[in-house]
file run08.cif (mmCIF, C-alpha atoms)
data_work
loop_
_atom_site.label_atom_id
_atom_site.label_comp_id
_atom_site.auth_asym_id
_atom_site.auth_seq_id
_atom_site.Cartn_x
_atom_site.Cartn_y
_atom_site.Cartn_z
CA MET A 141 -6.59 15.60 -28.57
CA ARG A 142 -5.93 16.85 -25.07
CA GLN A 143 -6.92 14.40 -22.39
CA GLY A 144 -8.59 15.72 -19.26
CA SER A 145 -7.86 14.65 -15.72
CA PRO A 146 -9.99 11.75 -14.49
CA ALA A 147 -10.04 13.48 -11.08
CA PRO A 148 -9.73 10.24 -9.09
CA TRP A 149 -10.03 9.96 -5.34
CA SER A 150 -9.88 6.76 -3.34
CA LYS A 151 -11.78 5.44 -0.35
CA PRO A 152 -10.10 3.58 2.51
CA LEU A 153 -9.56 -0.04 1.53
CA ILE A 154 -11.57 -1.85 4.18
CA ASP A 155 -14.51 -4.14 3.56
CA THR A 156 -17.29 -1.90 4.83
CA PRO A 157 -16.89 1.23 2.64
CA LYS A 158 -16.94 -0.64 -0.73
CA PRO A 159 -13.49 0.58 -1.93
CA ARG A 160 -13.81 2.47 -5.17
CA ILE A 161 -12.40 5.28 -7.29
CA GLU A 162 -14.81 7.96 -8.44
CA GLY A 163 -14.25 10.67 -11.01
CA LYS A 164 -14.87 11.64 -14.61
CA VAL A 165 -12.95 11.54 -17.87
CA GLU A 166 -12.89 14.88 -19.68
CA ILE A 167 -12.15 14.98 -23.41
CA ARG A 168 -11.54 18.27 -25.20
CA PRO A 169 -10.19 19.25 -28.65
CA CYS A 170 -6.52 20.11 -28.98
CA ALA A 171 -5.70 20.65 -32.66
CA GLY A 172 -7.34 23.89 -33.73
CA ILE A 173 -8.66 24.35 -30.17
CA THR A 174 -12.28 24.21 -31.34
CA ALA A 175 -12.08 21.51 -34.04
CA PRO A 176 -14.46 18.63 -33.24
CA VAL A 177 -12.95 15.40 -31.92
CA ASN A 178 -13.84 12.09 -33.53
CA VAL A 179 -14.53 9.56 -30.78
CA SER A 180 -15.52 5.94 -31.36
CA LEU A 181 -14.82 4.27 -28.03
CA VAL A 182 -13.70 5.27 -24.51
CA THR A 183 -12.79 2.82 -21.74
CA ILE A 184 -11.09 3.15 -18.36
CA SER A 185 -9.28 0.61 -16.21
CA LEU A 186 -7.01 0.44 -13.17
CA LEU A 187 -3.65 -1.28 -13.65
CA ARG A 188 -1.30 -2.53 -10.95
CA ARG A 189 2.38 -2.64 -11.82
CA GLU A 190 4.89 -4.53 -9.68
CA THR A 191 8.65 -4.71 -10.07
CA ILE A 192 11.39 -6.40 -8.04
CA HIS A 193 15.16 -6.33 -8.27
CA PRO A 194 16.56 -7.84 -5.05
CA SER A 195 20.16 -6.85 -5.91
CA ALA A 196 19.40 -3.23 -6.83
CA ASP A 197 20.73 -1.96 -3.50
CA SER A 198 24.14 -3.61 -4.02
CA VAL A 199 26.56 -2.16 -6.56
CA ALA A 200 28.59 -5.38 -6.67
CA LYS A 201 25.64 -7.72 -7.20
CA LYS A 202 23.63 -5.46 -9.47
CA ARG A 203 25.82 -6.13 -12.51
CA LEU A 204 25.66 -9.92 -12.12
CA ALA A 205 22.04 -10.24 -10.99
CA PRO A 206 19.16 -11.11 -13.31
CA PRO A 207 17.27 -8.14 -14.80
CA ARG A 208 14.39 -6.44 -13.06
CA LYS A 209 11.24 -8.53 -13.00
CA GLU A 210 7.94 -6.83 -13.72
CA ILE A 211 4.29 -7.81 -13.95
CA THR A 212 1.19 -5.81 -14.88
CA ASP A 213 -2.33 -6.84 -13.87
CA ILE A 214 -5.72 -5.22 -14.27
CA VAL A 215 -7.53 -4.53 -10.99
CA GLY A 216 -11.18 -5.45 -11.20
CA LYS A 217 -12.64 -4.99 -14.66
CA GLU A 218 -12.24 -2.57 -17.55
CA MET A 219 -15.18 -0.16 -17.74
CA LEU A 220 -16.83 0.99 -20.98
CA LEU A 221 -17.58 4.73 -20.79
CA PHE A 222 -18.67 5.54 -24.36
CA ARG A 223 -19.36 3.77 -27.66
CA CYS A 224 -20.64 5.51 -30.76
CA PRO A 225 -24.05 4.37 -32.12
CA ALA A 226 -24.19 1.23 -34.23
CA GLY A 227 -23.54 1.82 -37.92
CA ARG A 228 -21.36 4.88 -37.33
CA GLU A 229 -17.58 4.90 -37.38
CA TYR A 230 -17.24 7.74 -34.89
CA GLU A 231 -19.07 10.57 -33.18
CA GLU A 232 -18.02 14.21 -33.59
CA VAL A 233 -17.91 15.99 -30.23
CA ILE A 234 -16.87 19.38 -28.97
CA SER A 235 -16.53 18.24 -25.37
CA MET A 236 -17.20 15.06 -23.47
CA ASP A 237 -17.48 14.46 -19.69
CA LEU A 238 -17.86 10.80 -18.73
CA PRO A 239 -18.43 10.05 -15.01
CA PHE A 240 -17.22 6.69 -13.68
CA VAL A 241 -16.95 4.57 -10.55
CA LEU A 242 -14.37 1.79 -10.51
CA PHE A 243 -15.00 -0.69 -7.72
CA ILE A 244 -11.89 -2.33 -6.28
CA PRO A 245 -12.05 -6.01 -5.31
CA PHE A 246 -12.03 -6.65 -1.57
CA GLY A 247 -12.50 -10.41 -1.32
CA ARG A 248 -10.62 -12.62 1.10
CA GLY A 249 -8.19 -13.88 -1.53
CA GLY A 250 -7.79 -17.57 -2.16
CA ARG A 251 -6.80 -18.99 -5.50
CA ASP A 252 -8.67 -16.34 -7.48
CA ALA A 253 -6.13 -13.49 -7.65
CA SER A 254 -8.75 -11.08 -9.01
CA ARG A 255 -10.59 -11.27 -5.68
CA ARG A 256 -7.64 -10.29 -3.51
CA VAL A 257 -7.44 -6.90 -1.89
CA PRO A 258 -4.81 -4.98 -3.91
CA PRO A 259 -1.57 -4.26 -2.03
CA ALA A 260 -0.80 -0.66 -1.10
CA SER A 261 1.44 1.55 -3.23
CA VAL A 262 5.02 1.44 -1.99
CA GLN A 263 8.55 1.96 -3.31
CA LEU A 264 11.45 0.54 -1.33
CA GLN A 265 14.92 2.02 -1.33
CA SER A 266 16.83 1.58 -4.62
CA ARG A 267 13.56 0.26 -6.07
CA THR A 268 14.31 -3.25 -4.83
CA ALA A 269 10.52 -3.69 -4.80
CA GLU A 270 7.68 -1.42 -5.76
CA THR A 271 3.96 -1.44 -6.40
CA TYR A 272 2.17 1.39 -8.12
CA TYR A 273 -1.17 1.93 -9.85
CA GLU A 274 -2.23 3.74 -12.99
CA MET A 275 -5.62 4.59 -14.33
CA VAL A 276 -5.58 3.97 -18.07
CA VAL A 277 -8.03 5.76 -20.35
CA MET A 278 -8.24 4.26 -23.84
CA VAL A 279 -9.69 6.41 -26.65
CA GLN A 280 -10.44 5.04 -30.12
CA GLN A 281 -10.77 7.70 -32.82
CA GLY A 282 -12.20 6.17 -35.97
CA GLN A 283 -9.55 4.39 -38.04
CA GLN A 284 -6.69 5.85 -36.01
CA GLU A 285 -4.71 3.83 -33.51
CA GLN A 286 -6.01 3.50 -30.01
CA ARG A 287 -4.56 6.13 -27.72
CA LYS A 288 -3.91 5.38 -24.07
CA TYR A 289 -3.49 8.01 -21.37
CA THR A 290 -2.18 7.03 -17.94
CA PHE A 291 -2.75 8.74 -14.61
CA PRO A 292 -0.86 7.62 -11.47
CA VAL A 293 -3.11 6.82 -8.52
CA PRO A 294 -1.57 6.11 -5.09
CA ILE A 295 -3.56 3.53 -3.14
CA ALA A 296 -3.34 3.22 0.64
CA ARG A 297 -4.47 0.36 2.85
CA TYR A 298 -6.14 1.07 6.19
CA ASP A 299 -6.45 -2.46 7.54
CA THR A 300 -3.26 -2.32 9.65
CA LEU A 301 -4.13 0.72 11.79
CA SER A 302 -2.91 0.23 15.34
CA THR A 303 -6.19 1.66 16.63
CA PHE A 304 -8.21 -1.37 15.48
CA GLY A 305 -9.31 -3.55 18.39
CA MET A 306 -7.90 -6.78 16.97
CA TYR A 307 -4.36 -5.38 17.24
CA ASN A 308 -4.78 -4.26 20.86
CA ARG A 309 -5.06 -7.75 22.30
CA PRO A 310 -2.03 -9.32 24.02
CA GLU A 311 0.01 -11.86 22.08
CA SER A 312 2.31 -14.32 23.82
CA ALA A 313 4.88 -17.01 22.95
CA GLU A 314 7.39 -19.20 24.75
CA ARG A 315 10.44 -21.36 24.01
CA VAL A 316 12.47 -23.87 26.06
CA SER A 317 16.27 -24.27 26.13
CA ASP A 318 17.92 -27.60 27.09
CA HIS A 319 14.83 -28.53 29.11
CA LEU A 320 16.20 -26.17 31.78
CA VAL A 321 14.89 -22.69 31.06
CA THR A 322 11.65 -21.41 29.54
CA LEU A 323 11.52 -17.99 27.87
CA ALA A 324 8.03 -16.47 27.71
CA ILE A 325 7.14 -13.10 26.18
CA SER A 326 3.94 -11.08 25.94
CA VAL A 327 3.23 -7.95 23.89
CA PRO A 328 0.18 -5.82 24.85
CA ARG A 329 -0.48 -4.91 21.20
CA TRP A 330 1.01 -6.00 17.90
CA SER A 331 0.56 -3.19 15.37
CA TYR A 332 3.08 -0.35 15.32
CA GLY A 333 3.99 2.67 13.26
CA PRO A 334 6.98 5.04 13.09
CA LEU A 335 8.08 6.34 16.53
CA ASP A 336 5.51 4.20 18.34
CA PRO A 337 6.76 2.70 21.64
CA VAL A 338 7.20 -1.07 21.53
CA SER A 339 7.08 -2.85 24.89
CA VAL A 340 7.44 -6.54 25.71
CA TYR A 341 7.12 -8.45 28.96
CA VAL A 342 9.86 -11.08 29.35
CA LYS A 343 9.92 -13.95 31.83
CA LEU A 344 12.61 -16.61 32.28
CA SER A 345 11.52 -19.59 34.35
CA PRO A 346 13.55 -22.63 35.50
CA ASN A 347 12.36 -26.18 35.01
CA GLU A 348 11.43 -27.39 38.50
CA SER A 349 12.20 -30.99 37.51
CA TRP A 350 15.82 -30.00 36.77
CA MET A 351 16.26 -27.39 39.45
CA GLY A 352 19.77 -28.54 40.33
CA LYS A 353 21.05 -27.76 36.85
CA ALA A 354 18.78 -24.75 36.38
CA ARG A 355 20.36 -23.00 39.41
CA LYS A 356 23.69 -22.96 37.57
CA VAL A 357 22.25 -20.96 34.68
CA THR A 358 23.24 -17.29 34.54
CA ILE A 359 21.27 -14.68 32.58
CA SER A 360 24.00 -12.59 31.00
CA LYS A 361 21.85 -10.27 28.86
CA ILE A 362 18.53 -9.96 27.02
CA THR A 363 18.34 -8.47 23.55
CA ILE A 364 15.20 -7.22 21.78
CA GLY A 365 15.02 -6.03 18.21
CA ILE A 366 12.75 -5.45 15.23
CA ASP A 367 13.55 -7.31 12.00
CA GLU A 368 12.26 -6.59 8.52
CA GLU A 369 12.08 -9.63 6.25
CA ILE A 370 11.45 -9.22 2.53
CA ILE A 371 10.68 -12.35 0.54
CA PHE A 372 11.15 -11.76 -3.18
CA ASN A 373 9.26 -13.98 -5.60
CA HIS A 374 7.50 -15.61 -2.65
CA GLU A 375 5.01 -17.39 -4.94
CA GLY A 376 7.72 -18.66 -7.31
CA ASP A 377 10.10 -21.63 -7.34
CA GLU A 378 13.12 -19.77 -5.96
CA PRO A 379 12.09 -17.32 -3.25
CA GLN A 380 14.85 -15.03 -1.97
CA ARG A 381 14.84 -13.72 1.60
CA LYS A 382 16.48 -10.56 2.89
CA VAL A 383 16.47 -9.76 6.60
CA LYS A 384 17.37 -6.34 7.98
CA VAL A 385 17.60 -5.33 11.64
CA LEU A 386 15.73 -2.04 12.00
CA ALA A 387 16.23 -1.53 15.74
CA LYS A 388 18.03 -3.34 18.54
CA LYS A 389 18.43 -2.88 22.28
CA THR A 390 20.42 -4.91 24.81
CA GLU A 391 19.93 -5.00 28.57
CA ILE A 392 22.78 -6.40 30.67
CA ILE A 393 21.46 -8.68 33.44
CA GLY A 394 24.35 -10.74 34.86
CA VAL A 395 22.41 -12.62 37.56
CA LYS A 396 21.79 -16.26 38.39
CA LEU A 397 18.38 -17.54 37.36
CA PRO A 398 16.19 -17.26 40.50
CA GLN A 399 14.07 -20.20 41.56
CA SER A 400 10.96 -18.05 41.19
CA GLY A 401 12.04 -16.93 37.70
CA TYR A 402 13.20 -13.61 36.30
CA LEU A 403 10.67 -11.03 35.08
CA THR A 404 11.39 -7.76 33.30
CA ASN A 405 9.75 -5.29 30.93
CA LEU A 406 11.79 -4.11 27.92
CA GLY A 407 10.97 -1.55 25.29
CA LEU A 408 12.25 0.42 22.34
CA VAL A 409 10.94 2.94 19.84
CA PHE A 410 9.96 1.78 16.38
CA PRO A 411 12.34 3.54 13.97
CA ALA A 412 11.18 6.22 11.56
CA LYS A 413 12.83 7.00 8.26
CA ASP A 414 14.11 10.55 7.83
CA LEU A 415 13.06 11.65 4.36
CA ARG A 416 15.38 14.67 4.29
CA ASP A 417 18.68 14.52 2.46
CA ALA A 418 22.08 15.61 3.83
CA GLU A 419 21.11 19.26 3.29
CA GLY A 420 17.80 18.90 5.11
CA ILE A 421 15.69 19.08 1.96
CA LEU A 422 12.66 16.87 1.38
CA PRO A 423 12.75 15.14 -2.03
CA ARG A 424 9.99 15.79 -4.50
CA ASN A 425 7.24 13.24 -4.04
CA ARG A 426 6.29 11.02 -6.98
CA ALA A 427 2.61 11.13 -7.77
CA ALA A 428 2.31 7.33 -7.80
CA PHE A 429 3.43 6.87 -4.18
CA PRO A 430 2.18 8.31 -0.89
CA THR A 431 4.76 10.05 1.29
CA TYR A 432 5.43 7.84 4.29
CA GLY A 433 8.18 8.27 6.84
CA VAL A 434 9.02 4.56 6.84
CA SER A 435 11.01 2.39 4.47
CA GLY A 436 8.18 -0.13 4.26
CA PHE A 437 5.20 -1.71 6.00
CA THR A 438 3.50 -5.07 6.25
CA THR A 439 2.24 -5.97 2.79
CA THR A 440 1.85 -8.92 0.45
CA ALA A 441 2.09 -8.46 -3.32
CA SER A 442 2.44 -10.97 -6.14
CA LEU A 443 6.22 -10.66 -6.50
CA TYR A 444 7.24 -9.88 -2.93
CA LYS A 445 6.12 -9.94 0.68
CA ILE A 446 7.25 -7.72 3.58
CA GLU A 447 6.97 -9.09 7.12
CA TYR A 448 8.16 -7.83 10.51
CA TYR A 449 9.19 -9.65 13.66
CA LEU A 450 9.84 -8.65 17.24
CA THR A 451 12.90 -10.69 18.20
CA VAL A 452 13.70 -11.44 21.85
CA ARG A 453 16.87 -13.34 22.72
CA ALA A 454 18.03 -14.43 26.16
CA HIS A 455 21.81 -14.93 26.37
CA LEU A 456 22.54 -17.63 28.97
CA THR A 457 25.53 -19.42 30.41
CA SER A 458 25.35 -23.15 31.29
CA ALA A 459 22.43 -23.38 28.84
CA ARG A 460 21.83 -22.57 25.21
CA ASP A 461 20.51 -19.14 24.27
CA ILE A 462 16.79 -18.85 23.59
CA THR A 463 15.32 -16.79 20.74
CA ILE A 464 11.69 -15.94 19.98
CA ARG A 465 10.61 -14.24 16.75
CA GLN A 466 7.12 -12.90 17.27
CA PRO A 467 5.32 -11.64 14.12
CA ILE A 468 4.06 -8.05 14.35
CA VAL A 469 2.19 -5.76 11.98
CA VAL A 470 3.74 -2.49 10.81
CA CYS A 471 1.50 0.39 9.78
CA PRO A 472 2.66 3.40 7.72
CA LEU A 473 1.09 5.75 10.31
CA ASP A 474 1.94 6.26 13.95
CA HIS A 475 -0.67 5.72 16.67
CA ALA A 476 -1.76 9.38 16.66
CA GLY A 477 -2.15 9.33 12.89
CA CYS A 478 -4.20 6.13 13.11
CA LYS A 479 -6.60 7.82 15.54
CA GLU A 480 -7.09 10.70 13.12
CA GLU A 481 -7.98 8.30 10.31
CA MET A 482 -10.70 6.54 12.28
CA GLU A 483 -13.22 9.36 11.88
CA ALA A 484 -12.67 9.46 8.12
CA ILE A 485 -13.10 5.68 7.90
CA GLU A 486 -16.34 5.82 9.86
CA GLN A 487 -17.63 8.57 7.57
CA ALA A 488 -16.60 6.55 4.50
CA ALA A 489 -18.54 3.58 5.85
CA ARG A 490 -21.64 5.73 6.29
CA ASP A 491 -21.29 7.07 2.73
CA ALA A 492 -20.81 3.57 1.33
CA ALA A 493 -24.03 2.35 2.91
CA HIS A 494 -25.94 4.17 0.16
CA ILE A 495 -23.82 2.83 -2.71
CA ASN A 496 -25.11 -0.04 -4.83
CA PRO A 497 -22.23 -1.65 -6.76
CA ASP A 498 -24.66 -2.89 -9.41
CA ASN A 499 -26.15 0.59 -9.88
CA PRO A 500 -23.99 3.35 -8.34
CA MET A 501 -26.31 6.10 -9.68
CA LEU A 502 -23.73 7.98 -11.73
CA PRO A 503 -24.49 11.38 -13.30
CA LEU A 504 -25.33 11.18 -16.99
CA PRO A 505 -22.49 11.76 -19.48
CA ALA A 506 -22.27 15.35 -20.73
CA ILE A 507 -21.58 15.27 -24.48
CA VAL A 508 -21.60 18.47 -26.56
CA ARG A 509 -21.78 18.07 -30.36
CA PRO A 510 -20.87 20.69 -32.98
CA ASN A 511 -24.51 21.35 -33.91
CA ASP A 512 -25.66 21.89 -30.32
CA LEU A 513 -26.77 25.38 -29.28
CA ASN A 514 -23.85 27.45 -27.92
CA ALA A 515 -21.54 24.45 -28.32
CA LEU A 516 -18.39 26.59 -28.40
CA SER A 517 -19.27 28.19 -25.08
CA HIS A 518 -18.26 24.95 -23.38
CA LEU A 519 -14.72 25.62 -24.64
CA GLY A 520 -14.77 29.27 -23.61
CA CYS A 521 -15.28 30.57 -27.17
CA ALA A 522 -17.95 32.39 -29.13
CA ILE A 523 -18.45 33.38 -32.78
CA VAL A 524 -18.36 37.15 -33.26
CA GLY A 525 -19.05 37.99 -36.87
CA ASN A 526 -17.15 35.28 -38.72
CA GLN A 527 -14.38 34.99 -36.13
CA LYS A 528 -13.96 32.89 -32.99
CA LYS A 529 -13.28 34.99 -29.94
CA PRO A 530 -12.64 34.12 -26.28
CA LEU A 531 -15.85 34.11 -24.33
CA ILE A 532 -15.88 36.64 -21.47
CA ASP A 533 -18.59 36.12 -18.86
#
call {"tool": "encode", "arguments": {"input": "run08.cif", "output": "structure tokens"}}
result
Amino acid sequence: MRQGSPAPWSKPLIDTPKPRIEGKVEIRPCAGITAPVNVSLVTISLLRRETIHPSADSVAKKRLAPPRKEITDIVGKEMLLFRCPAGREYEEVISMDLPFVLFIPFGRGGRDASRRVPPASVQLQSRTAETYYEMVVMVQQGQQEQRKYTFPVPIARYDTLSTFGMYNRPESAERVSDHLVTLAISVPRWSYGPLDPVSVYVKLSPNESWMGKARKVTISKITIGIDEEIIFNHEGDEPQRKVKVLAKKTEIIGVKLPQSGYLTNLGLVFPAKDLRDAEGILPRNRAAFPTYGVSGFTTTASLYKIEYYLTVRAHLTSARDITIRQPIVVCPLDHAGCKEEMEAIEQAARDAAHINPDNPMLPLPAIVRPNDLNALSHLGCAIVGNQKKPLID
């Protein structure tokens, strides 16, 4: 039996558009080309597969590290597309088209894992962590074994777009060193993508109650950077953290701390991953993963979690250094790309307003049986005399 493509396409995963995958399963004969297919049962489901191997990017540790850890979960529920009538072992069909809509959970999480919004598809370098999805079509043919056909489906999340209003509000934090100096920072927005400018307002203020000692403090330099922190097995007993500095910039100051405080504005560009190899060739994209120009983005899966921080450190003399790690959100798309997606998201929301999850109004299944009129025409064949010939329109 030759399996047909389920023709899936996904909606943006935000609450309003009722995230779902729509398509149809097409079943056609393979052996003998026109020989009827015996079909007893057809189901479809969406599986999420996660794997982690924290030491995969180290040749030395890879041999001594534990093996790759993998889990497989079903997303939502398995959907029954066809079952032969009661009392019959199977149904003979020439062709079968079974429309479907798989709704993806979009609850707020909590203890019930089945209600969580599924994490986006991603594959980190050396496959240290990856999440990918497959649509699985199961076909039962009489007494034969169940056959399963898998189709990779990349899933993207659109809840971290830098164009959303909640990310364009200022965030601030402050720390104190030796009761002498206060470091305060403020970021105008806190969602960034590749090549987006990252700016931060920095203020160092002396403690007026200890002004005599505070005057002796010298600001030698201020360093800002972006850190990526991956927590493997974050829900387990032995979580493992890996921190990588993605970008760093240092500004030399070399001045005494003024009584009125020191104020400056620092910035850097969020790094973008170059997908081309040494010869300038783009690698072939795997069907299970979207092509993104970044090594990762903010996401939380069952086996791992990726977080990002904007780190600001003031290097002082006559006082201890002060460091602030401000959490930020990283989006796979730059700010211009986020703007382009907004129109599609708004259109998806309008389309979803007419969708009822309890009754999505699917087209009826199209099943052609051997005794139907012009049954072979659905396979592009016709009987001429006693022979089967290709049908020419």
call {"tool": "closest_residue", "arguments": {"input": "run08.cif", "among": "A:Leu186, A:Ala506, A:Leu264, A:Leu323", "to": "Tyr289 (chain A)", "atoms": "only C-alpha atoms"}}
result
A:Leu186
call {"tool": "resolve_selection", "arguments": {"input": "run08.cif", "expression": "the PyMOL selection byres ((chain A and resi 371) around 12)", "output": "number ranges by chain"}}
result
A: 192-194, 268-269, 368-370, 372-376, 378-384, 438-448
call {"tool": "residues_around", "arguments": {"input": "run08.cif", "residues": "Gly216 (chain A)", "least_positions_apart": "2", "cutoff": "10 Å", "atoms": "only C-alpha atoms", "output": "list in words"}}
result
Ser185, Leu186, Leu187, Asp213, Ile214, Glu218, Met219, Leu242, Phe243, Ile244, Pro245, Phe246, Ser254, Arg255, Arg256 and Pro258 of chain A
call {"tool": "write_last_selection", "arguments": {"input": "run08.cif", "atoms": "C-alpha atoms", "output": "tab-separated table (two decimals), keeping the file's coordinate frame"}}
result
chain	number	residue	atom	x	y	z
A	185	SER	CA	-9.28	0.61	-16.21
A	186	LEU	CA	-7.01	0.44	-13.17
A	187	LEU	CA	-3.65	-1.28	-13.65
A	213	ASP	CA	-2.33	-6.84	-13.87
A	214	ILE	CA	-5.72	-5.22	-14.27
A	218	GLU	CA	-12.24	-2.57	-17.55
A	219	MET	CA	-15.18	-0.16	-17.74
A	242	LEU	CA	-14.37	1.79	-10.51
A	243	PHE	CA	-15.00	-0.69	-7.72
A	244	ILE	CA	-11.89	-2.33	-6.28
A	245	PRO	CA	-12.05	-6.01	-5.31
A	246	PHE	CA	-12.03	-6.65	-1.57
A	254	SER	CA	-8.75	-11.08	-9.01
A	255	ARG	CA	-10.59	-11.27	-5.68
A	256	ARG	CA	-7.64	-10.29	-3.51
A	258	PRO	CA	-4.81	-4.98	-3.91
call {"tool": "closest_residue", "arguments": {"input": "run08.cif", "among": "A:Gly305, A:Gly365, A:Gly352, A:Pro337", "to": "Ala454 (chain A)", "atoms": "all atoms listed in the file"}}
result
A:Gly365
call {"tool": "resolve_selection", "arguments": {"input": "run08.cif", "expression": "the PyMOL selection byres ((chain A and resi 272-278) around 6)", "output": "JSON, numbers by chain"}}
result
{"A": [182, 183, 184, 185, 186, 187, 188, 189, 261, 271, 279, 287, 288, 289, 290, 291, 292, 293, 428]}
call {"tool": "closest_residue", "arguments": {"input": "run08.cif", "among": "A:Ile161, A:Leu450, A:Leu403, A:Val340", "to": "Lys388 (chain A)", "atoms": "all atoms listed in the file"}}
result
A:Leu450
call {"tool": "atom_distance", "arguments": {"input": "run08.cif", "atom1": "CA of Ala476 (chain A)", "atom2": "CA of Arg416 (chain A)"}}
result
21.8 Å
